[in-house]
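File shown: final_39.cif. Contents: mmCIF, C-alpha atoms and all ligand atoms.
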data_my_file
#
loop_
_atom_site.label_atom_id
_atom_site.label_comp_id
_atom_site.auth_asym_id
_atom_site.auth_seq_id
_atom_site.Cartn_x
_atom_site.Cartn_y
_atom_site.Cartn_z
CA MET D 1 99.49 43.20 46.90
CA LYS D 2 99.42 44.67 50.39
CA GLY D 3 98.71 48.38 50.81
CA PHE D 4 100.79 50.89 52.72
CA PHE D 5 99.96 51.96 56.26
CA ILE D 6 100.92 55.63 56.65
CA THR D 7 100.26 57.49 59.90
CA PHE D 8 100.15 61.26 60.43
CA GLU D 9 101.32 62.69 63.73
CA GLY D 10 101.83 66.09 65.31
CA GLY D 11 100.23 68.38 67.84
CA GLU D 12 96.80 69.97 67.67
CA GLY D 13 96.48 72.15 64.57
CA ALA D 14 99.68 70.84 62.97
CA GLY D 15 97.82 70.20 59.72
CA LYS D 16 97.25 66.44 59.89
CA SER D 17 93.67 66.46 58.56
CA THR D 18 94.62 68.94 55.83
CA GLN D 19 97.61 66.87 54.67
CA ILE D 20 95.81 63.53 54.83
CA GLU D 21 93.38 64.83 52.19
CA LYS D 22 96.29 66.08 50.02
CA THR D 23 98.12 62.77 50.34
CA LYS D 24 94.96 60.83 49.50
CA SER D 25 94.57 62.82 46.27
CA TYR D 26 98.20 62.16 45.36
CA LEU D 27 97.99 58.41 45.95
CA GLU D 28 94.67 58.16 44.08
CA SER D 29 96.27 59.98 41.14
CA LYS D 30 98.75 57.07 41.07
CA GLY D 31 95.81 54.67 40.73
CA ARG D 32 95.94 53.48 44.34
CA LYS D 33 92.90 52.71 46.53
CA VAL D 34 93.00 54.80 49.70
CA ILE D 35 91.12 54.71 53.01
CA THR D 36 91.42 57.58 55.50
CA ILE D 37 90.79 56.99 59.20
CA ARG D 38 91.53 58.57 62.57
CA GLU D 39 92.55 57.45 66.06
CA PRO D 40 91.00 56.96 68.43
CA GLY D 41 87.96 55.94 66.39
CA SER D 42 86.93 54.87 62.89
CA THR D 43 84.90 51.80 63.84
CA PRO D 44 81.56 52.11 65.69
CA ILE D 45 83.01 50.72 68.93
CA ALA D 46 86.22 52.76 68.64
CA GLU D 47 84.19 55.94 67.99
CA ASP D 48 82.26 55.29 71.23
CA ILE D 49 85.59 54.99 73.03
CA ARG D 50 86.72 58.23 71.34
CA ASN D 51 83.71 60.05 72.79
CA LEU D 52 84.60 58.76 76.25
CA LEU D 53 88.20 59.92 75.82
CA LYS D 54 87.44 63.37 74.42
CA SER D 55 84.51 64.54 76.48
CA VAL D 56 85.09 67.02 79.27
CA ARG D 57 82.77 66.03 82.16
CA SER D 58 82.35 67.50 85.59
CA ASP D 59 81.07 64.37 87.39
CA ASP D 60 84.20 62.20 87.06
CA ARG D 61 87.84 62.74 86.17
CA MET D 62 89.41 60.11 83.94
CA CYS D 63 92.60 58.74 85.50
CA ASP D 64 95.72 58.39 83.35
CA THR D 65 95.66 54.57 83.42
CA ALA D 66 92.05 54.46 82.19
CA GLU D 67 92.99 56.91 79.44
CA LEU D 68 95.94 54.78 78.33
CA LEU D 69 93.94 51.54 78.31
CA LEU D 70 91.01 53.12 76.44
CA MET D 71 93.43 54.43 73.79
CA TYR D 72 94.76 50.91 73.32
CA ALA D 73 91.27 49.37 73.42
CA ALA D 74 90.22 51.63 70.53
CA ARG D 75 93.49 50.88 68.71
CA ALA D 76 93.07 47.12 69.12
CA GLN D 77 89.55 47.30 67.70
CA LEU D 78 90.64 49.43 64.73
CA VAL D 79 93.80 47.49 63.86
CA ASN D 80 92.18 44.07 64.10
CA THR D 81 88.82 44.74 62.46
CA LEU D 82 89.72 47.34 59.84
CA ILE D 83 93.40 48.22 59.28
CA LYS D 84 94.88 44.73 58.90
CA PRO D 85 92.06 43.32 56.71
CA LYS D 86 92.01 46.39 54.43
CA LEU D 87 95.80 46.40 54.00
CA GLU D 88 95.53 42.74 52.95
CA GLU D 89 92.89 43.73 50.38
CA GLY D 90 95.41 46.18 48.92
CA PHE D 91 94.11 49.48 50.26
CA ASP D 92 96.54 52.15 51.41
CA ILE D 93 95.49 53.43 54.81
CA LEU D 94 96.16 57.00 55.92
CA CYS D 95 95.62 57.26 59.67
CA ASP D 96 95.24 60.53 61.61
CA ARG D 97 97.27 59.66 64.75
CA HIS D 98 98.36 56.16 65.81
CA ASP D 99 100.73 54.62 68.33
CA LEU D 100 103.25 57.48 68.31
CA SER D 101 100.50 59.71 69.75
CA THR D 102 100.43 57.46 72.82
CA ILE D 103 104.18 57.81 73.23
CA ALA D 104 103.86 61.60 72.88
CA TYR D 105 100.66 62.26 74.89
CA GLN D 106 100.47 59.54 77.54
CA GLY D 107 104.25 59.07 77.73
CA GLY D 108 105.45 62.66 77.21
CA GLY D 109 102.42 64.74 78.11
CA ARG D 110 101.08 62.68 81.03
CA MET D 111 104.56 61.42 81.99
CA MET D 112 103.40 57.80 82.29
CA ASN D 113 106.00 55.06 82.65
CA MET D 114 107.29 54.14 79.17
CA GLU D 115 108.03 50.54 80.18
CA ASP D 116 104.37 50.09 81.13
CA ILE D 117 103.28 51.64 77.83
CA ASN D 118 105.67 49.40 75.92
CA ALA D 119 104.30 46.33 77.70
CA ILE D 120 100.72 47.19 76.70
CA ARG D 121 101.81 47.93 73.13
CA ASN D 122 103.35 44.47 72.93
CA VAL D 123 100.02 42.92 73.95
CA VAL D 124 97.94 45.01 71.54
CA LEU D 125 100.12 45.47 68.47
CA LYS D 126 102.88 42.85 68.79
CA SER D 127 105.20 43.68 65.88
CA PHE D 128 102.59 45.58 63.80
CA ARG D 129 103.98 49.03 62.81
CA PRO D 130 103.25 51.69 60.15
CA ASP D 131 105.23 51.58 56.91
CA LEU D 132 105.80 55.32 57.32
CA THR D 133 104.96 57.91 59.96
CA VAL D 134 104.73 61.55 58.86
CA LEU D 135 105.42 63.89 61.77
CA ILE D 136 104.16 67.39 60.96
CA ASP D 137 106.31 69.68 63.05
CA VAL D 138 104.91 72.99 64.29
CA PRO D 139 105.73 74.82 67.54
CA PRO D 140 102.97 73.96 70.05
CA LYS D 141 101.92 77.62 70.31
CA VAL D 142 101.37 77.89 66.54
CA GLY D 143 99.36 74.66 66.46
CA MET D 144 97.18 75.60 69.41
CA ALA D 145 96.44 79.02 67.89
CA ARG D 146 95.27 77.26 64.71
CA ALA D 147 93.25 74.68 66.66
CA ARG D 148 91.51 77.28 68.80
CA ASN D 149 89.91 78.70 65.66
CA ARG D 150 88.03 75.40 65.30
CA GLY D 151 85.82 76.10 68.32
CA GLU D 152 85.17 74.15 71.51
CA LEU D 153 88.23 72.42 73.03
CA ASP D 154 88.23 68.71 73.98
CA ARG D 155 89.74 67.07 77.10
CA PHE D 156 93.25 67.07 75.58
CA GLU D 157 93.08 70.52 74.03
CA ILE D 158 92.37 72.14 77.42
CA SER D 159 95.81 71.01 78.70
CA ASN D 160 98.38 73.63 79.70
CA ALA D 161 101.41 74.83 77.70
CA ASP D 162 103.85 72.62 79.67
CA PHE D 163 101.86 69.54 78.64
CA PHE D 164 102.16 70.44 74.96
CA GLU D 165 105.88 71.20 75.30
CA ARG D 166 106.38 67.69 76.72
CA VAL D 167 104.31 66.20 73.88
CA ASP D 168 106.45 68.08 71.36
CA LYS D 169 109.69 66.89 72.97
CA ALA D 170 108.53 63.26 73.03
CA TYR D 171 107.65 63.47 69.32
CA HIS D 172 111.09 64.86 68.48
CA ASP D 173 112.96 62.36 70.64
CA TYR D 174 111.16 59.47 68.97
CA ALA D 175 111.73 60.86 65.46
CA LYS D 176 115.44 61.34 66.16
CA ASN D 177 115.73 57.70 67.26
CA HIS D 178 113.69 56.29 64.34
CA PRO D 179 114.80 58.19 61.21
CA GLU D 180 114.13 55.18 58.98
CA THR D 181 110.37 55.10 59.67
CA VAL D 182 109.54 58.68 60.74
CA ALA D 183 109.65 61.56 58.24
CA VAL D 184 109.64 64.97 59.93
CA VAL D 185 108.18 67.75 57.77
CA ASP D 186 108.13 71.48 58.57
CA GLY D 187 104.49 72.26 59.25
CA THR D 188 105.01 76.03 59.38
CA LEU D 189 105.35 76.17 55.58
CA SER D 190 102.35 76.69 53.30
CA VAL D 191 99.84 73.85 52.88
CA GLN D 192 101.21 73.25 49.37
CA GLU D 193 104.85 73.20 50.49
CA VAL D 194 104.11 70.80 53.36
CA SER D 195 102.28 68.53 50.92
CA GLU D 196 105.27 68.55 48.54
CA GLN D 197 107.57 67.50 51.40
CA ILE D 198 105.25 64.65 52.36
CA ILE D 199 104.94 63.39 48.77
CA LYS D 200 108.73 63.55 48.34
CA ASN D 201 109.16 61.40 51.46
CA ILE D 202 106.58 58.91 50.23
CA GLN D 203 108.27 58.67 46.84
CA GLU D 204 111.70 58.17 48.41
CA ARG D 205 110.67 55.71 51.09
CA LEU D 206 107.79 53.66 49.63
CA ASP D 207 107.41 51.90 46.30
CA VAL D 208 104.29 53.78 45.08
N1 LIG W 1 100.48 74.75 56.45
C1 LIG W 1 99.49 75.47 57.01
N2 LIG W 1 99.62 76.80 57.17
C2 LIG W 1 98.63 77.52 57.75
N3 LIG W 1 97.46 77.02 58.21
C3 LIG W 1 97.28 75.68 58.09
C4 LIG W 1 98.28 74.85 57.49
N4 LIG W 1 97.81 73.56 57.51
C5 LIG W 1 96.60 73.61 58.08
N5 LIG W 1 96.25 74.88 58.43
C6 LIG W 1 95.03 75.33 59.11
O1 LIG W 1 95.20 75.09 60.50
C7 LIG W 1 94.01 74.55 61.07
C8 LIG W 1 94.31 73.17 61.63
O2 LIG W 1 94.62 72.27 60.57
P1 LIG W 1 94.20 70.74 60.65
O3 LIG W 1 94.57 70.09 59.36
O4 LIG W 1 92.78 70.63 61.11
O5 LIG W 1 95.20 70.27 61.81
P2 LIG W 1 95.16 68.93 62.69
O6 LIG W 1 94.30 67.95 61.97
O7 LIG W 1 96.60 68.53 62.77
O8 LIG W 1 94.64 69.33 64.03
C9 LIG W 1 92.98 74.52 59.94
O9 LIG W 1 92.20 75.69 60.04
C10 LIG W 1 93.81 74.53 58.69
O10 LIG W 1 93.16 75.11 57.61
MG MG W 2 92.61 66.94 62.55
#

Go through the file and emit its structure as structure tokens.
Amino acid sequence: MKGFFITFEGGEGAGKSTQIEKTKSYLESKGRKVITIREPGSTPIAEDIRNLLKSVRSDDRMCDTAELLLMYAARAQLVNTLIKPKLEEGFDILCDRHDLSTIAYQGGGRMMNMEDINAIRNVVLKSFRPDLTVLIDVPPKVGMARARNRGELDRFEISNADFFERVDKAYHDYAKNHPETVAVVDGTLSVQEVSEQIIKNIQERLDV
């Protein structure tokens, strides 16, 4: 039987990594086999692309189009070589960011043309979509304050407040238009309460 593909979305410091571990424990307690991954990355080639995307360098500035195409290059590699085969083998896959991050960051944050993004998505993913997307909702300021405690900031984390407000708006707009596949949970609650909301959504929406 095919596994479930569940993606976790939200701004920096929303609690994605924290909640992926909680969700993994829950699914494993139900006897399911679970793989946790992150985007961009999680294959050797995709991790190399991640390093290119994240690093802040003074000798060259990455243009928005290169950023978009590298995101999709990493996603193509991950979906085709890992996600699809492992779902077929029956593993559930919990993914830290996926295609909705491109809509939020490159579409919302960078204000790139959504028709262009949609055209590239059609090439890379065709009709492949997550079974469920969990959007952990925290005000950008709260998330950034949490993320700053982690140490050095990457090329996205150094963006200004307006950028993160646009990311947040794009996330909410998408969630409002796709209530059947996106579960919005209140990320300002305690770790335990957020986890309970996520598990409730999984129980209601997926046959686990
Ligand atoms: N519900 C929560 N309430 C308060 N702090 C949290 C909560 N969830 C996570 N954190 C803390 O916030 C920081 C960022 O969480 P993390 O899971 O790494 O977020 P993300 O992966 O979305 O960037 C971590 O220090 C984590 O312990
Ligand atoms: Mg994280």

Find the smallest box with edges along x, y and z containing every listed atom of ligand LIG 1 (chain W), then add 6 Å on each side and report centre and edge lengths in Å to one decimal, as lines of an AutoDock Vina configuration file.
center_x = 96.3
center_y = 72.7
center_z = 60.2
size_x = 20.3
size_y = 21.6
size_z = 19.6

Next on the checklist: Quick check, in Å to one decimal: how far apart do CA of Asn80 (chain D) and CA of Glu157 (chain D) lie?
Outcome noted: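 Going from CA of Asn80 (chain D) over to CA of Glu157 (chain D), I get 28.3 Å.
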
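Within 12 Å of the point (97.7, 46.4, 51.7) in file coordinates, and counting only C-alpha atoms, lie the residues Met1, Lys2, Gly3, Phe4, Phe5, Ile6, Arg32, Lys33, Val34, Ile35, Leu82, Ile83, Lys84, Pro85, Lys86, Leu87, Glu88, Glu89, Gly90, Phe91, Asp92, Ile93, Leu94, Pro130, Asp131 and Val208 of chain D.
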
Next on the checklist: Using all atoms listed in the file, which residues have at least one atom no more than 9 Å from ligand MG 2 (chain W)? Output them as a list in words.
Outcome noted: Glu12, Gly13, Ala14, Gly15, Lys16, Ser17, Thr18, Arg38, Asp96, Arg97 and Ala147 of chain D

Item to check | 9 Å shell around ligand LIG 1 (chain W) using only C-alpha atoms and all ligand atoms, listed as a VMD selection string | outcome: chain D and resid 8 to 21 96 136 143 to 150 186 to 195

Next, dump the selected residues to file, keeping only C-alpha atoms, as a short mmCIF file (atom, residue, chain, number, x, y, z; two decimals), in the frame of the given file.
data_model
loop_
_atom_site.label_atom_id
_atom_site.label_comp_id
_atom_site.auth_asym_id
_atom_site.auth_seq_id
_atom_site.Cartn_x
_atom_site.Cartn_y
_atom_site.Cartn_z
CA PHE D 8 100.15 61.26 60.43
CA GLU D 9 101.32 62.69 63.73
CA GLY D 10 101.83 66.09 65.31
CA GLY D 11 100.23 68.38 67.84
CA GLU D 12 96.80 69.97 67.67
CA GLY D 13 96.48 72.15 64.57
CA ALA D 14 99.68 70.84 62.97
CA GLY D 15 97.82 70.20 59.72
CA LYS D 16 97.25 66.44 59.89
CA SER D 17 93.67 66.46 58.56
CA THR D 18 94.62 68.94 55.83
CA GLN D 19 97.61 66.87 54.67
CA ILE D 20 95.81 63.53 54.83
CA GLU D 21 93.38 64.83 52.19
CA ASP D 96 95.24 60.53 61.61
CA ILE D 136 104.16 67.39 60.96
CA GLY D 143 99.36 74.66 66.46
CA MET D 144 97.18 75.60 69.41
CA ALA D 145 96.44 79.02 67.89
CA ARG D 146 95.27 77.26 64.71
CA ALA D 147 93.25 74.68 66.66
CA ARG D 148 91.51 77.28 68.80
CA ASN D 149 89.91 78.70 65.66
CA ARG D 150 88.03 75.40 65.30
CA ASP D 186 108.13 71.48 58.57
CA GLY D 187 104.49 72.26 59.25
CA THR D 188 105.01 76.03 59.38
CA LEU D 189 105.35 76.17 55.58
CA SER D 190 102.35 76.69 53.30
CA VAL D 191 99.84 73.85 52.88
CA GLN D 192 101.21 73.25 49.37
CA GLU D 193 104.85 73.20 50.49
CA VAL D 194 104.11 70.80 53.36
CA SER D 195 102.28 68.53 50.92
#

Checklist entry - So what do you get for CA of Val185 (chain D) versus CA of Ser101 (chain D), distance-wise? => result 16.3 Å

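CA of Leu153 (chain D) is found 17.6 Å from CA of Ile49 (chain D).
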
Next on the checklist: Report as a PyMOL selection string all protein, DNA and RNA residues lying within 9 Å of region 112-119 of chain D, evaluated on only C-alpha atoms, omitting residues in the same chain fewer than 6 positions from it.
Outcome noted: chain D and resi 64-65+68+102-103+106

Next on the checklist: Calculated over all atoms listed in the file, which of the candidates D:Thr43, D:Leu27, D:Leu100, D:Gln197 has the smallest distance to His178 (chain D)?
Outcome noted: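 Checking each of D:Thr43, D:Leu27, D:Leu100, D:Gln197 against His178 (chain D), counting all atoms listed in the file, the winner is D:Leu100.
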